[in-house]
$ cat my_file_16.cif   # mmCIF, C-alpha atoms
data_model
#
loop_
_atom_site.label_atom_id
_atom_site.label_comp_id
_atom_site.auth_asym_id
_atom_site.auth_seq_id
_atom_site.Cartn_x
_atom_site.Cartn_y
_atom_site.Cartn_z
CA MET N 1 0.00 0.00 0.00
CA ARG N 2 2.89 2.36 0.65
CA LYS N 3 4.01 1.95 -2.93
CA ILE N 4 0.59 3.00 -4.20
CA ILE N 5 0.31 6.14 -2.09
CA ASN N 6 3.85 7.22 -3.00
CA TYR N 7 3.58 6.43 -6.71
CA HIS N 8 3.73 9.48 -8.99
CA PRO N 9 3.06 8.73 -12.69
CA GLN N 10 5.35 10.18 -15.32
CA PRO N 11 3.95 13.03 -17.47
CA MET N 12 3.15 10.79 -20.45
CA THR N 13 1.62 8.19 -18.18
CA ARG N 14 -0.59 10.85 -16.60
CA VAL N 15 -1.78 11.92 -20.04
CA LEU N 16 -2.65 8.35 -21.01
CA MET N 17 -4.38 7.68 -17.69
CA GLY N 18 -6.36 10.91 -18.02
CA ALA N 19 -7.44 9.97 -21.55
CA LEU N 20 -8.79 6.55 -20.54
CA PRO N 21 -12.10 7.79 -19.04
CA LEU N 22 -12.71 9.97 -22.11
CA VAL N 23 -12.05 7.08 -24.49
CA ALA N 24 -14.34 4.86 -22.42
CA LEU N 25 -17.08 7.50 -22.51
CA ILE N 26 -16.81 7.87 -26.30
CA PHE N 27 -16.87 4.10 -26.74
CA PHE N 28 -19.95 3.80 -24.53
CA TYR N 29 -21.67 6.55 -26.54
CA LEU N 30 -20.87 4.88 -29.87
CA VAL N 31 -22.22 1.52 -28.68
CA SER N 32 -25.39 3.12 -27.30
CA SER N 33 -25.89 5.24 -30.42
CA ASP N 34 -25.47 2.27 -32.75
CA ALA N 35 -27.95 0.25 -30.69
CA ARG N 36 -30.61 2.97 -30.75
CA LEU N 37 -30.12 3.74 -34.45
CA ALA N 38 -30.30 0.03 -35.28
CA ALA N 39 -33.69 -0.12 -33.56
CA ASN N 40 -34.89 3.18 -35.05
CA SER N 41 -32.93 4.93 -37.77
CA TYR N 42 -34.83 8.18 -37.08
CA ASP N 43 -33.87 8.27 -33.40
CA LYS N 44 -32.70 11.77 -32.36
CA LEU N 45 -31.56 11.16 -28.80
CA LEU N 46 -28.12 9.70 -29.61
CA PRO N 47 -27.14 10.79 -33.14
CA GLY N 48 -24.15 9.21 -34.79
CA PHE N 49 -20.89 11.03 -35.41
CA ASP N 50 -21.75 11.39 -39.10
CA ALA N 51 -24.95 13.27 -38.22
CA MET N 52 -23.11 15.49 -35.76
CA TRP N 53 -20.39 16.24 -38.31
CA ALA N 54 -23.05 17.19 -40.86
CA ALA N 55 -24.60 19.52 -38.27
CA ILE N 56 -21.20 21.10 -37.55
CA ASP N 57 -20.62 21.60 -41.26
CA ARG N 58 -24.04 23.23 -41.56
CA MET N 59 -23.57 25.52 -38.56
CA ALA N 60 -19.85 26.37 -38.83
CA PHE N 61 -18.93 26.22 -42.51
CA THR N 62 -22.16 27.03 -44.34
CA PRO N 63 -23.57 30.58 -44.30
CA SER N 64 -27.03 30.96 -42.85
CA PRO N 65 -29.61 31.40 -45.66
CA ARG N 66 -31.37 34.07 -43.58
CA THR N 67 -28.45 36.19 -42.30
CA GLY N 68 -25.44 34.99 -44.29
CA GLU N 69 -23.52 34.45 -41.02
CA TYR N 70 -21.63 31.39 -39.90
CA LEU N 71 -23.81 30.74 -36.87
CA PHE N 72 -21.37 28.56 -34.95
CA TRP N 73 -18.62 31.19 -34.98
CA THR N 74 -21.06 34.06 -34.41
CA ASP N 75 -22.43 32.30 -31.34
CA SER N 76 -18.93 31.51 -30.07
CA ALA N 77 -17.73 35.10 -30.49
CA ALA N 78 -20.81 36.53 -28.74
CA SER N 79 -20.54 34.16 -25.77
CA LEU N 80 -16.78 34.58 -25.37
CA LEU N 81 -17.08 38.36 -25.44
CA ARG N 82 -19.72 38.28 -22.69
CA LEU N 83 -17.79 35.74 -20.64
CA LEU N 84 -14.39 37.44 -20.87
CA THR N 85 -15.89 40.86 -20.14
CA GLY N 86 -17.71 39.56 -17.07
CA VAL N 87 -14.75 37.54 -15.77
CA GLY N 88 -12.34 40.42 -16.42
CA LEU N 89 -14.48 42.90 -14.50
CA SER N 90 -14.97 40.37 -11.72
CA ALA N 91 -11.22 39.78 -11.42
CA PHE N 92 -10.49 43.50 -11.24
CA LEU N 93 -13.18 44.21 -8.64
CA ALA N 94 -12.23 41.15 -6.62
CA LEU N 95 -8.56 42.17 -6.59
CA VAL N 96 -9.39 45.66 -5.33
CA PHE N 97 -11.87 44.58 -2.66
CA GLY N 98 -9.91 41.47 -1.67
CA LEU N 99 -6.72 43.47 -1.25
CA PHE N 100 -8.21 46.21 0.89
CA CYS N 101 -10.59 44.01 2.87
CA GLY N 102 -7.82 41.56 3.66
CA ALA N 103 -5.09 44.07 4.53
CA LEU N 104 -7.05 46.90 6.17
CA PRO N 105 -9.17 45.92 9.18
CA VAL N 106 -11.18 49.15 8.95
CA VAL N 107 -12.24 48.41 5.37
CA ARG N 108 -12.91 44.78 6.25
CA SER N 109 -15.22 45.80 9.09
CA VAL N 110 -17.28 47.97 6.73
CA LEU N 111 -17.41 45.89 3.55
CA SER N 112 -16.94 42.25 4.57
CA PRO N 113 -20.50 41.76 5.93
CA LEU N 114 -21.98 43.25 2.74
CA ILE N 115 -19.83 41.04 0.50
CA THR N 116 -20.81 37.98 2.53
CA LEU N 117 -24.48 38.91 2.20
CA ILE N 118 -24.20 39.34 -1.58
CA ALA N 119 -22.40 35.99 -1.84
CA LEU N 120 -25.38 34.28 -0.22
CA ILE N 121 -27.88 35.61 -2.79
CA PRO N 122 -28.54 33.07 -5.60
CA PRO N 123 -27.51 35.02 -8.74
CA LEU N 124 -30.11 33.35 -10.95
CA ALA N 125 -32.84 34.50 -8.55
CA ILE N 126 -32.07 38.14 -9.35
CA LEU N 127 -31.82 37.60 -13.11
CA PRO N 128 -35.33 39.05 -13.71
CA ILE N 129 -34.31 42.11 -11.69
CA LEU N 130 -31.24 42.54 -13.87
CA PHE N 131 -33.33 42.28 -17.03
CA ILE N 132 -35.76 44.90 -15.70
CA THR N 133 -32.94 47.20 -14.57
CA PHE N 134 -30.44 46.86 -17.41
CA GLY N 135 -32.67 45.58 -20.21
CA LEU N 136 -32.27 42.43 -22.28
CA GLY N 137 -29.00 43.49 -23.89
CA GLU N 138 -25.40 42.66 -23.11
CA VAL N 139 -25.13 44.61 -19.85
CA SER N 140 -27.50 42.39 -17.87
CA LYS N 141 -25.64 39.23 -18.91
CA VAL N 142 -22.26 40.68 -17.94
CA VAL N 143 -23.62 42.00 -14.64
CA LEU N 144 -25.00 38.55 -13.82
CA ILE N 145 -21.53 37.04 -14.21
CA VAL N 146 -19.99 39.80 -12.11
CA ILE N 147 -22.52 39.42 -9.30
CA GLY N 148 -22.28 35.65 -9.49
CA ILE N 149 -18.52 35.17 -9.11
CA THR N 150 -17.03 38.38 -7.68
CA PRO N 151 -18.04 37.85 -4.02
CA PHE N 152 -16.52 34.37 -3.92
CA ILE N 153 -13.23 35.57 -5.42
CA VAL N 154 -13.17 38.51 -2.99
CA ARG N 155 -13.61 36.24 0.01
CA ASP N 156 -10.93 33.87 -1.26
CA LEU N 157 -8.45 36.72 -1.76
CA GLN N 158 -9.31 38.22 1.61
CA LEU N 159 -8.46 34.94 3.32
CA GLN N 160 -5.24 34.74 1.31
CA VAL N 161 -4.18 38.19 2.48
CA GLN N 162 -5.00 37.37 6.08
CA ALA N 163 -2.90 34.19 5.78
CA ILE N 164 0.24 36.21 4.94
CA PRO N 165 2.61 35.94 7.93
CA HIS N 166 2.34 39.00 10.15
CA GLU N 167 6.13 39.07 10.41
CA GLN N 168 6.33 40.25 6.82
CA MET N 169 4.21 43.29 7.62
CA VAL N 170 6.29 44.06 10.70
CA LYS N 171 9.56 43.79 8.76
CA ALA N 172 8.21 46.05 5.99
CA GLN N 173 7.20 48.67 8.55
CA THR N 174 10.56 48.34 10.29
CA LEU N 175 12.28 49.11 7.00
CA GLY N 176 10.21 52.30 6.72
CA GLY N 177 7.43 51.14 4.43
CA HIS N 178 4.14 52.97 4.68
CA SER N 179 0.71 51.42 4.10
CA ALA N 180 0.63 51.99 0.34
CA GLN N 181 4.11 50.50 -0.13
CA ILE N 182 3.22 47.46 1.97
CA LEU N 183 0.06 46.89 -0.08
CA TRP N 184 1.91 47.36 -3.37
CA ARG N 185 5.18 45.56 -2.71
CA VAL N 186 4.36 42.96 -0.05
CA VAL N 187 0.70 41.99 -0.32
CA LEU N 188 -0.15 42.47 -4.00
CA PRO N 189 2.63 40.25 -5.46
CA GLN N 190 1.48 37.39 -3.23
CA LEU N 191 -2.14 37.97 -4.16
CA LEU N 192 -1.88 37.94 -7.97
CA PRO N 193 -1.20 34.19 -8.44
CA ARG N 194 -4.02 33.37 -6.05
CA LEU N 195 -6.30 35.66 -8.07
CA ILE N 196 -5.60 33.67 -11.23
CA ASP N 197 -6.31 30.41 -9.40
CA ALA N 198 -9.56 31.85 -8.02
CA VAL N 199 -10.62 32.95 -11.50
CA ARG N 200 -9.90 29.44 -12.79
CA LEU N 201 -12.11 27.96 -10.09
CA SER N 202 -14.88 30.44 -10.92
CA LEU N 203 -14.95 29.80 -14.68
CA CYS N 204 -17.46 26.97 -14.34
CA SER N 205 -19.90 29.23 -12.47
CA ALA N 206 -19.33 32.01 -15.00
CA TRP N 207 -20.26 29.68 -17.86
CA LEU N 208 -23.35 28.57 -15.94
CA PHE N 209 -24.60 32.13 -15.45
CA LEU N 210 -23.81 33.02 -19.07
CA ILE N 211 -25.70 30.04 -20.51
CA ALA N 212 -28.67 30.74 -18.26
CA ALA N 213 -28.84 34.39 -19.31
CA GLU N 214 -28.47 33.55 -23.00
CA ALA N 215 -31.15 30.88 -22.78
CA ILE N 216 -33.68 33.41 -21.46
CA ALA N 217 -32.92 36.56 -23.45
CA ALA N 218 -30.53 36.55 -26.41
CA THR N 219 -30.52 36.43 -30.19
CA GLU N 220 -27.08 34.82 -30.49
CA GLY N 221 -24.71 32.88 -28.31
CA LEU N 222 -23.92 29.29 -27.43
CA GLY N 223 -26.58 29.09 -24.72
CA TYR N 224 -29.18 30.67 -26.97
CA ARG N 225 -28.49 28.19 -29.77
CA ILE N 226 -28.62 25.16 -27.47
CA PHE N 227 -32.01 26.09 -26.04
CA LEU N 228 -33.30 27.05 -29.49
CA MET N 229 -32.34 23.64 -30.88
CA ARG N 230 -33.99 21.98 -27.89
CA ARG N 231 -37.37 22.87 -29.38
CA TYR N 232 -36.60 20.67 -32.39
CA MET N 233 -34.79 17.93 -30.40
CA ALA N 234 -31.75 18.62 -32.59
CA MET N 235 -29.26 16.63 -30.53
CA ASP N 236 -26.90 16.55 -33.50
CA VAL N 237 -26.43 20.32 -32.93
CA ILE N 238 -26.76 20.41 -29.14
CA LEU N 239 -24.11 17.79 -28.37
CA PRO N 240 -21.36 19.44 -30.52
CA TYR N 241 -22.21 22.79 -28.93
CA VAL N 242 -21.88 21.29 -25.44
CA ALA N 243 -18.58 19.68 -26.43
CA TRP N 244 -17.38 23.03 -27.84
CA ILE N 245 -18.26 24.85 -24.61
CA THR N 246 -16.32 22.21 -22.68
CA LEU N 247 -13.33 22.64 -24.97
CA LEU N 248 -13.43 26.43 -24.61
CA ALA N 249 -13.63 26.15 -20.83
CA PHE N 250 -10.73 23.69 -20.76
CA THR N 251 -8.64 25.96 -23.02
CA LEU N 252 -9.27 29.03 -20.86
CA ASP N 253 -8.38 27.09 -17.73
CA LEU N 254 -5.19 25.79 -19.36
CA LEU N 255 -4.16 29.27 -20.53
CA LEU N 256 -4.65 30.72 -17.06
CA ARG N 257 -2.65 27.89 -15.53
CA VAL N 258 0.22 28.38 -18.00
CA VAL N 259 0.23 32.15 -17.42
CA ASN N 260 0.30 31.61 -13.66
CA ARG N 261 3.19 29.18 -13.85
CA ARG N 262 5.18 31.40 -16.21
CA CYS N 263 4.60 34.65 -14.31
CA PHE N 264 4.78 33.29 -10.75
CA PRO N 265 6.93 30.14 -10.70
CA TRP N 266 7.68 30.66 -7.00
CA TYR N 267 3.99 30.18 -6.20
CA TYR N 268 4.11 26.57 -7.43
CA ALA N 269 7.48 25.87 -5.81
CA LYS N 270 6.03 26.11 -2.31
#

$ encode --input "my_file_16.cif" --output "structure tokens"
Amino acid sequence: MRKIINYHPQPMTRVLMGALPLVALIFFYLVSSDARLAANSYDKLLPGFDAMWAAIDRMAFTPSPRTGEYLFWTDSAASLLRLLTGVGLSAFLALVFGLFCGALPVVRSVLSPLITLIALIPPLAILPILFITFGLGEVSKVVLIVIGITPFIVRDLQLQVQAIPHEQMVKAQTLGGHSAQILWRVVLPQLLPRLIDAVRLSLCSAWLFLIAAEAIAATEGLGYRIFLMRRYMAMDVILPYVAWITLLAFTLDLLLRVVNRRCFPWYYAK
């Protein structure tokens, strides 16, 4: 048993081991799809890969007869713009509030209860309020993402600041550093890598809020298209869209992880 708990696979072995569940899932889908299509060739629940590829070709590489747009790429661009705008604003706000709430007890006493209260509000419950306040355009969707993930990132960063050894603050003050210098040169550098990790952990929630908002009020976007195709039981379109969202989320997570490792290698050497 000691050998098992101390065994660390090599990088290539980890890749192969990580691919096994995905290969098994694809194999299970193919078997199930073939079985259903053999019983009913018009079955829509589990379309074959040929049907899904035809749907991708129709959505991504064939202009829409009505608008002339390539709907797949138009939807992807619209959703990514909303997502990146919301996540970017959330990261900025969370960095500001997390820094000051964590490092300054006076600010923490004033703002921390409010941030905790906002974090406890289910974001989807206030979606109708956002639509009434900001309209059905882009602003309400971005605001939903901001309200949904900012409080959790703020609280995470606040705890990270409070976990910084007090000796560092004392040494900085002993060397003549004032409050602004301590925030800028002691606290902030240790907070940035944690911010990127917190954003990575919040991406799933951000996608959830985006898809929900697009499903209710949008004319383009990945969530809008999925719920539009649901009316026609077009699983050959829905499943590739879901897979594409998963790939985009994985790519964003990977990029953030690479940036974090390149910019703050000391953070991963702890």

$ resolve_selection --input "my_file_16.cif" --expression "the PyMOL selection byres ((chain N and resi 46) around 12)" --output "NGL selection string"
:N and (26 or 28-45 or 47-52 or 233-240)

$ closest_residue --input "my_file_16.cif" --among "N:Val143, N:Leu201, N:Val187, N:Cys263" --to "Val96 (chain N)" --atoms "all atoms listed in the file"
N:Val187

$ atom_distance --input "my_file_16.cif" --atom1 "CA of Arg225 (chain N)" --atom2 "CA of Thr74 (chain N)"
10.5 Å

$ resolve_selection --input "my_file_16.cif" --expression "the PyMOL selection byres ((chain N and resi 149-156) around 10)" --output "ChimeraX atom specification"
/N:86-87,89-102,112,114-120,123,144-148,157-161,194-199,201-206,209

$ resolve_selection --input "my_file_16.cif" --expression "the PyMOL selection byres ((chain N and resi 182-184) around 12)" --output "CSV table (one decimal) with C-alpha atoms, in the coordinates of the input"
chain,number,residue,atom,x,y,z
N,95,LEU,CA,-8.6,42.2,-6.6
N,96,VAL,CA,-9.4,45.7,-5.3
N,98,GLY,CA,-9.9,41.5,-1.7
N,99,LEU,CA,-6.7,43.5,-1.2
N,100,PHE,CA,-8.2,46.2,0.9
N,101,CYS,CA,-10.6,44.0,2.9
N,102,GLY,CA,-7.8,41.6,3.7
N,103,ALA,CA,-5.1,44.1,4.5
N,104,LEU,CA,-7.0,46.9,6.2
N,161,VAL,CA,-4.2,38.2,2.5
N,164,ILE,CA,0.2,36.2,4.9
N,166,HIS,CA,2.3,39.0,10.2
N,168,GLN,CA,6.3,40.2,6.8
N,169,MET,CA,4.2,43.3,7.6
N,170,VAL,CA,6.3,44.1,10.7
N,171,LYS,CA,9.6,43.8,8.8
N,172,ALA,CA,8.2,46.0,6.0
N,173,GLN,CA,7.2,48.7,8.6
N,174,THR,CA,10.6,48.3,10.3
N,175,LEU,CA,12.3,49.1,7.0
N,176,GLY,CA,10.2,52.3,6.7
N,177,GLY,CA,7.4,51.1,4.4
N,178,HIS,CA,4.1,53.0,4.7
N,179,SER,CA,0.7,51.4,4.1
N,180,ALA,CA,0.6,52.0,0.3
N,181,GLN,CA,4.1,50.5,-0.1
N,185,ARG,CA,5.2,45.6,-2.7
N,186,VAL,CA,4.4,43.0,0.0
N,187,VAL,CA,0.7,42.0,-0.3
N,188,LEU,CA,-0.2,42.5,-4.0
N,189,PRO,CA,2.6,40.2,-5.5
N,190,GLN,CA,1.5,37.4,-3.2
N,191,LEU,CA,-2.1,38.0,-4.2
N,192,LEU,CA,-1.9,37.9,-8.0

$ atom_distance --input "my_file_16.cif" --atom1 "CA of Gly68 (chain N)" --atom2 "CA of Ala215 (chain N)"
22.6 Å

$ atom_distance --input "my_file_16.cif" --atom1 "CA of Glu214 (chain N)" --atom2 "CA of Val259 (chain N)"
29.3 Å

$ closest_residue --input "my_file_16.cif" --among "N:Trp207, N:Leu111, N:Phe250, N:Ala212" --to "Leu127 (chain N)" --atoms "all atoms listed in the file"
N:Ala212

$ closest_residue --input "my_file_16.cif" --among "N:Glu220, N:Asp57, N:Glu167, N:Asp253" --to "Asp75 (chain N)" --atoms "all atoms listed in the file"
N:Glu220

$ closest_residue --input "my_file_16.cif" --among "N:Val142, N:Leu256, N:Ile5, N:Ile121" --to "Ala78 (chain N)" --atoms "only C-alpha atoms"
N:Val142

$ axis_aligned_box --input "my_file_16.cif" --around "region 225-236 of chain N" --padding-each-side "4 Å" --output "JSON"
{"center_x": -32.1, "center_y": 22.4, "center_z": -29.8, "size_x": 18.5, "size_y": 19.6, "size_z": 15.5}

$ residues_near_point --input "my_file_16.cif" --point "(-26.6, 30.3, -25.7)" --cutoff "10 Å" --atoms "all atoms listed in the file" --output "PyMOL selection string"
chain N and resi 75-76+78-79+210-228+241

$ write_last_selection --input "my_file_16.cif" --atoms "C-alpha atoms" --output "PDB file, keeping the file's coordinate frame"
ATOM      1  CA  ASP N  75     -22.430  32.300 -31.340  1.00  0.00           C
ATOM      2  CA  SER N  76     -18.930  31.510 -30.070  1.00  0.00           C
ATOM      3  CA  ALA N  78     -20.810  36.530 -28.740  1.00  0.00           C
ATOM      4  CA  SER N  79     -20.540  34.160 -25.770  1.00  0.00           C
ATOM      5  CA  LEU N 210     -23.810  33.020 -19.070  1.00  0.00           C
ATOM      6  CA  ILE N 211     -25.700  30.040 -20.510  1.00  0.00           C
ATOM      7  CA  ALA N 212     -28.670  30.740 -18.260  1.00  0.00           C
ATOM      8  CA  ALA N 213     -28.840  34.390 -19.310  1.00  0.00           C
ATOM      9  CA  GLU N 214     -28.470  33.550 -23.000  1.00  0.00           C
ATOM     10  CA  ALA N 215     -31.150  30.880 -22.780  1.00  0.00           C
ATOM     11  CA  ILE N 216     -33.680  33.410 -21.460  1.00  0.00           C
ATOM     12  CA  ALA N 217     -32.920  36.560 -23.450  1.00  0.00           C
ATOM     13  CA  ALA N 218     -30.530  36.550 -26.410  1.00  0.00           C
ATOM     14  CA  THR N 219     -30.520  36.430 -30.190  1.00  0.00           C
ATOM     15  CA  GLU N 220     -27.080  34.820 -30.490  1.00  0.00           C
ATOM     16  CA  GLY N 221     -24.710  32.880 -28.310  1.00  0.00           C
ATOM     17  CA  LEU N 222     -23.920  29.290 -27.430  1.00  0.00           C
ATOM     18  CA  GLY N 223     -26.580  29.090 -24.720  1.00  0.00           C
ATOM     19  CA  TYR N 224     -29.180  30.670 -26.970  1.00  0.00           C
ATOM     20  CA  ARG N 225     -28.490  28.190 -29.770  1.00  0.00           C
ATOM     21  CA  ILE N 226     -28.620  25.160 -27.470  1.00  0.00           C
ATOM     22  CA  PHE N 227     -32.010  26.090 -26.040  1.00  0.00           C
ATOM     23  CA  LEU N 228     -33.300  27.050 -29.490  1.00  0.00           C
ATOM     24  CA  TYR N 241     -22.210  22.790 -28.930  1.00  0.00           C
TER      25      TYR N 241
END

$ decode --input "my_file_16.cif" --residues "region 168-178 of chain N" --atoms "all heavy atoms" --output "CSV table (one decimal), in the first residue's frame"
chain,number,residue,atom,x,y,z
N,168,GLN,N,6.0,39.5,8.0
N,168,GLN,CA,6.3,40.2,6.8
N,168,GLN,C,5.9,41.7,6.9
N,168,GLN,O,6.6,42.6,6.5
N,168,GLN,CB,5.7,39.6,5.6
N,168,GLN,CG,6.2,38.2,5.3
N,168,GLN,CD,5.6,37.6,4.0
N,168,GLN,OE1,5.1,38.4,3.2
N,168,GLN,NE2,5.8,36.3,3.8
N,169,MET,N,4.7,41.9,7.4
N,169,MET,CA,4.2,43.3,7.6
N,169,MET,C,5.1,44.1,8.6
N,169,MET,O,5.4,45.2,8.4
N,169,MET,CB,2.8,43.3,8.1
N,169,MET,CG,1.8,42.4,7.3
N,169,MET,SD,1.6,43.1,5.6
N,169,MET,CE,0.3,41.9,5.1
N,170,VAL,N,5.5,43.4,9.7
N,170,VAL,CA,6.3,44.1,10.7
N,170,VAL,C,7.7,44.4,10.1
N,170,VAL,O,8.2,45.5,10.3
N,170,VAL,CB,6.5,43.1,11.9
N,170,VAL,CG1,7.4,43.8,12.9
N,170,VAL,CG2,5.1,42.9,12.6
N,171,LYS,N,8.3,43.5,9.4
N,171,LYS,CA,9.6,43.8,8.8
N,171,LYS,C,9.5,44.9,7.8
N,171,LYS,O,10.4,45.8,7.7
N,171,LYS,CB,10.1,42.5,8.1
N,171,LYS,CG,10.5,41.4,9.0
N,171,LYS,CD,11.0,40.2,8.3
N,171,LYS,CE,11.4,39.1,9.2
N,171,LYS,NZ,11.9,37.9,8.5
N,172,ALA,N,8.4,45.0,7.0
N,172,ALA,CA,8.2,46.1,6.0
N,172,ALA,C,8.1,47.4,6.7
N,172,ALA,O,8.7,48.4,6.3
N,172,ALA,CB,7.0,45.8,5.1
N,173,GLN,N,7.3,47.4,7.8
N,173,GLN,CA,7.2,48.7,8.6
N,173,GLN,C,8.5,49.1,9.2
N,173,GLN,O,8.9,50.2,9.3
N,173,GLN,CB,6.1,48.5,9.6
N,173,GLN,CG,4.7,48.3,9.0
N,173,GLN,CD,3.6,48.2,10.1
N,173,GLN,OE1,3.4,49.1,10.8
N,173,GLN,NE2,3.0,47.0,10.1
N,174,THR,N,9.3,48.1,9.7
N,174,THR,CA,10.6,48.3,10.3
N,174,THR,C,11.5,49.0,9.3
N,174,THR,O,12.3,49.8,9.6
N,174,THR,CB,11.2,47.0,10.8
N,174,THR,OG1,10.3,46.4,11.8
N,174,THR,CG2,12.5,47.3,11.5
N,175,LEU,N,11.4,48.6,8.1
N,175,LEU,CA,12.3,49.1,7.0
N,175,LEU,C,11.8,50.5,6.5
N,175,LEU,O,12.3,51.0,5.5
N,175,LEU,CB,12.4,48.1,5.8
N,175,LEU,CG,13.1,46.8,6.2
N,175,LEU,CD1,13.0,45.8,5.0
N,175,LEU,CD2,14.6,47.1,6.5
N,176,GLY,N,10.7,51.0,7.1
N,176,GLY,CA,10.2,52.3,6.7
N,176,GLY,C,9.1,52.3,5.7
N,176,GLY,O,8.7,53.4,5.2
N,177,GLY,N,8.5,51.2,5.4
N,177,GLY,CA,7.4,51.1,4.4
N,177,GLY,C,6.1,51.7,5.0
N,177,GLY,O,5.8,51.3,6.1
N,178,HIS,N,5.5,52.5,4.2
N,178,HIS,CA,4.1,53.0,4.7
N,178,HIS,C,3.1,52.0,4.1
N,178,HIS,O,3.4,51.1,3.4
N,178,HIS,CB,3.9,54.4,4.3
N,178,HIS,CG,4.1,54.7,2.8
N,178,HIS,ND1,3.3,54.3,1.8
N,178,HIS,CD2,5.1,55.4,2.2
N,178,HIS,CE1,3.7,54.7,0.7
N,178,HIS,NE2,4.8,55.3,0.8
